[in-house]
2 protein chains.
Amino acid sequence: MTVQEALMHAPNCGDCPIRHRAVCARCEADELAALDEIKYYRSFQAGQTLIWSGDRMDFVGSVVSGLATLSQAMEDGRTQTVGLLFPSDFVGRPGRDTAPYNVVATTDLLMCCFRKKAFEGVMTRTPNVGQRLLEMTLDELDAAREWMLVLGRKTAREKIASLLAIVARRDASLHLRRATGRMVFDLPLTREAMADYLGLTLETVSRQISALKRDGVILLEGNRHVTVPDYNRLLEEAGDDADGGLPV
Amino acid sequence: MTVQEALMHAPNCGDCPIRHRAVCARCEADELAALDEIKYYRSFQAGQTLIWSGDRMDFVGSVVSGLATLSQAMEDGRTQTVGLLFPSDFVGRPGRDTAPYNVVATTDLLMCCFRKKAFEGVMTRTPNVGQRLLEMTLDELDAAREWMLVLGRKTAREKIASLLAIVARRDASLHLRRATGRMVFDLPLTREAMADYLGLTLETVSRQISALKRDGVILLEGNRHVTVPDYNRLLEEAGDDADGGLPV
DNA sequence: CCCCCACATTGACTTAGATCAAAGAGCGCG
DNA sequence: CGCGCTCTTTGATCTAAGTCAATGTGGGGG
């Protein structure tokens with residue numbers, strides 16, 4: 001039985017893999033109980049769109065496992081991914097009722113959801129949820145601004161390295177490891193999804209990944225399985241100073 | 001006596017030009033009094049750096065008049081502006097004590113400041129301040145993501161048009177007008193500052209402004225004074241649908 | 001087991017914007 | 001009032017990344 005199945009069938013906040021990082025991280029036992037009462041799990045398949053921009057949003061929730069993207073499109077079809085939603089990240093906005101972005105699962109995805117109305121109720125009654133949400137929102141704002149530097153000023157090679165560094169860091173954090181030295185992880189994105197996040201074409205993504213492989217910055221096994229022999233080298237390639245960007 | 005001088009000498013929250021949009025917007029009389037007691041004004045000259053990235057931040061505050069930029073730099077000198085701070089926008093983050101970005105005045109600037117400790121105290125006691133701050137932070141997150149689309153996917157011409165549209169919109173909002181039809185305003189940024197926000201070089205900014213002028217999308221008097229004959233035309237040039245981007 | 005099909009790579013060529021270089025133009029100060 | 005400084009415009013050339021076009025490839029279903 002996978003973690004997903006376990007949670008779908010016998011959900012228990014105490015055992016939840018994102019308990020210590022999600023919107024509920026600061027909750028006391030009674031607050032957790034209030035959330036527990038209104039929560040429900042939903043799973044989505046890779047490629048599925050959870051929410052369309054402009055849709056009425058009647059739930060909010062946390063990513064438990066898998067990866068989703070937030071994206072924006074122009075009328076002519078140009079697309080920009082504006083955020084990656086890793087496990088523990090929060091989806092939705094209490095107080096707004098139409099979704100400003102498309103939310104798309106790029107891998108199979110498990111979400112811990114709350115009806116929006118009910119969540120808003122809990123939020124007004126339990127300050128720890130609202131405070132944690134403010135904190136997470138401020139972190140997301142930092143991440144968005146960090147990414148503005150990537151989009152506005154970095155070269156294609158630096159962009160790829162920056163994305164790999166983020167995925168490596170979040171993967172490590174999920175396994176309670178520090179981001180350092182040799183790291184191994186799976187890329188939860190296709191080349192096209194990477195291009196959409198990096199403001200590049202998929203051809204350029206492919207070429208730069210080949211170049212990083214050629215130069216020994218990364219090793220690939222298949223298209224998705226990545227080994228980074230030296231995380232600091234990767235950060236250098238990303239144009240970050242070696243202690244690197246945002247703290248997790 | 002200018003608004004600035006009036007505020008410096010006889011500050012009164014009731015008369016404040018940003019009272020209805022700033023972090024204090026939702027405050028009741030008693031909450032306002034609490035903020036009033038700990039507030040003080042500071043003014044800065046165009047070009048002055050208010051805060052250096054990495055500095056200890058011991059105050060937070062609101063822009064009352066003028067414009068500041070938030071920017072990030074790479075070691076090799078590449079710079080990206082990650083946010084514009086218009087009147088009513090908030091600077092600083094309760095709960096963090098080192099500044100993540102440079103804050104630079106691009107025009108003469110008046111700020112309504114609070115010592116961070118004192119502000120944090122007010123925040124825990126008056127829910128309306130914290131809630132308003134969450135709301136403003138979520139709006140800033142939307143703005144940052146909107147800008148990611150601009151940086152990642154728009155052409156130089158569309159980028160310039162997008163920036164002009166934002167400045168026009170914020171200027172209108174400050175004067176309690178709707179953004180529509182003919183609009184006249186001053187650009188609070190040099191070509192270089194525009195380039196830093198748009199992920200372009202200043203030469204490209206200059207060329208594209210000349211092109212927009214040639215095509216009648218804007219009229220210029222001197223380098224800073226802009227007339228937009230038709231705001232919807234500008235939005236089209238920005239690649240936005242005509243009802244346009246973020247609500248103010 | 002092997003065939004498909006979506007995903008990925010690679011190559012040849014084009015182009016938007018960067019870079020390098022040289023004039024203009026507004027304005028604050030002596 | 002005109003000197004000098006900063007900001008801006010414009011031109012010529014270069015280049016990173018985009019576009020168009022084949023060609024590989026690996027993993028899930030028949």
# chains A, B, ... in the order shown; residues from 1 in each chain; ligands from 1
call {"tool": "select_by_dssp", "arguments": {"residues": "range 67-142 of chain A", "states": "helix (DSSP H, G or I)", "output": "number ranges by chain"}}
result
A: 116-125, 127-142
call {"tool": "closest_atom_pairs", "arguments": {"of": "chain C", "to": "chain A", "cutoff": "8 Å", "atoms": "only C-alpha atoms (C1' of nucleotides)", "output": "Markdown table"}}
result
| residue | atom | partner | partner_atom | distance |
| --- | --- | --- | --- | --- |
| C:DC7 | C1' | A:Thr190 | CA | 7.8 |
| C:DA8 | C1' | A:Ser206 | CA | 7.3 |
| C:DT9 | C1' | A:Ser206 | CA | 6.9 |
call {"tool": "interface_residues", "arguments": {"of": "chain D", "to": "chain A", "cutoff": "9 Å", "atoms": "only C-alpha atoms (C1' of nucleotides)", "output": "count of residues only"}}
result
4
call {"tool": "interface_residues", "arguments": {"of": "chain B", "to": "chain A", "cutoff": "8 Å", "atoms": "only C-alpha atoms", "output": "VMD selection string"}}
result
chain B and resid 72 74 to 75 78 to 83 134 137 to 138 140 to 141 144 to 145 147 to 149 151 to 153 198 to 200 239 to 241
call {"tool": "write_last_selection", "arguments": {"atoms": "N, CA and C atoms", "output": "compact mmCIF listing (two decimals), in the first residue's frame"}}
result
# COMPACT_ATOMS: atom_id res chain seq x y z
N GLN B 72 17.00 42.99 -7.10
CA GLN B 72 17.90 41.90 -6.79
C GLN B 72 19.08 41.99 -7.75
N MET B 74 22.79 40.04 -9.27
CA MET B 74 23.70 38.89 -9.29
C MET B 74 25.11 39.42 -9.07
N GLU B 75 26.01 38.49 -8.73
CA GLU B 75 27.39 38.94 -8.42
C GLU B 75 28.04 39.68 -9.57
N ARG B 78 24.42 41.84 -13.06
CA ARG B 78 23.08 41.82 -13.67
C ARG B 78 22.05 42.12 -12.59
N THR B 79 21.08 42.95 -12.93
CA THR B 79 20.12 43.43 -11.95
C THR B 79 18.71 43.20 -12.45
N GLN B 80 17.83 42.79 -11.57
CA GLN B 80 16.43 42.66 -11.93
C GLN B 80 15.59 43.35 -10.86
N THR B 81 14.77 44.28 -11.30
CA THR B 81 13.79 44.88 -10.39
C THR B 81 12.63 43.91 -10.26
N VAL B 82 12.25 43.59 -9.04
CA VAL B 82 11.22 42.57 -8.81
C VAL B 82 9.91 43.15 -8.30
N GLY B 83 9.88 44.45 -8.12
CA GLY B 83 8.61 45.07 -7.73
C GLY B 83 8.71 46.57 -7.74
N LEU B 134 -2.22 40.44 4.84
CA LEU B 134 -2.35 39.20 4.07
C LEU B 134 -2.96 39.49 2.70
N THR B 137 -0.47 41.22 0.54
CA THR B 137 0.58 40.30 0.14
C THR B 137 0.08 39.39 -0.99
N LEU B 138 -1.15 38.94 -0.88
CA LEU B 138 -1.72 38.10 -1.93
C LEU B 138 -1.83 38.89 -3.24
N GLU B 140 0.13 41.35 -4.10
CA GLU B 140 1.50 41.49 -4.60
C GLU B 140 1.97 40.21 -5.26
N LEU B 141 1.54 39.07 -4.69
CA LEU B 141 1.90 37.79 -5.29
C LEU B 141 1.28 37.69 -6.69
N ALA B 144 3.30 39.87 -8.96
CA ALA B 144 4.59 39.26 -9.28
C ALA B 144 4.40 38.18 -10.35
N ARG B 145 3.32 37.42 -10.23
CA ARG B 145 3.08 36.34 -11.20
C ARG B 145 2.68 36.90 -12.55
N TRP B 147 3.75 39.58 -13.64
CA TRP B 147 5.00 40.06 -14.21
C TRP B 147 5.88 38.93 -14.74
N MET B 148 5.74 37.74 -14.17
CA MET B 148 6.48 36.59 -14.69
C MET B 148 6.07 36.30 -16.13
N LEU B 149 4.79 36.47 -16.42
CA LEU B 149 4.34 36.30 -17.82
C LEU B 149 4.99 37.35 -18.71
N LEU B 151 7.85 38.92 -18.23
CA LEU B 151 9.29 38.66 -18.37
C LEU B 151 9.56 37.43 -19.22
N GLY B 152 8.72 36.41 -19.05
CA GLY B 152 9.02 35.14 -19.70
C GLY B 152 8.57 35.07 -21.14
N ARG B 153 7.47 35.76 -21.48
CA ARG B 153 6.84 35.49 -22.77
C ARG B 153 6.57 36.69 -23.65
N LEU B 198 12.05 45.35 -16.79
CA LEU B 198 11.52 44.63 -17.95
C LEU B 198 12.44 43.52 -18.44
N GLY B 199 13.62 43.39 -17.84
CA GLY B 199 14.56 42.39 -18.32
C GLY B 199 15.08 42.72 -19.71
N LEU B 200 15.30 44.01 -19.98
CA LEU B 200 15.81 44.47 -21.27
C LEU B 200 17.04 45.34 -21.03
N GLY B 239 -0.56 43.09 -25.18
CA GLY B 239 -0.93 41.69 -25.32
C GLY B 239 -1.95 41.24 -24.30
N ASP B 240 -2.52 42.19 -23.55
CA ASP B 240 -3.59 41.86 -22.60
C ASP B 240 -4.92 41.97 -23.32
N ASP B 241 -5.90 41.19 -22.86
CA ASP B 241 -7.23 41.46 -23.40
C ASP B 241 -7.70 42.80 -22.83
call {"tool": "residues_around", "arguments": {"residues": "DC3 in chain D", "least_positions_apart": "4", "cutoff": "12 Å", "atoms": "only C-alpha atoms (C1' of nucleotides)", "output": "PyMOL selection string"}}
result
chain C and resi 27-30
call {"tool": "select_by_dssp", "arguments": {"residues": "range 3-187 of chain B", "states": "strand (DSSP E or B)", "output": "ChimeraX atom specification"}}
result
/B:39-44,49-51,56,59-65,68-73,79-85,90-91,98,102-105,109-115,183-186
call {"tool": "atom_distance", "arguments": {"atom1": "CA of Gly121 in chain B", "atom2": "CA of Leu35 in chain B"}}
result
10.2 Å
call {"tool": "residues_around", "arguments": {"residues": "Leu187 in chain B", "least_positions_apart": "6", "cutoff": "10 Å", "atoms": "only C-alpha atoms (C1' of nucleotides)", "output": "list of chain:residue names"}}
result
B:Leu67, B:Thr107, B:Leu163, B:Leu164, B:Val167, B:Ala168, B:Asp171, B:Met194, B:Asn223, B:Arg224, B:His225, B:Val226
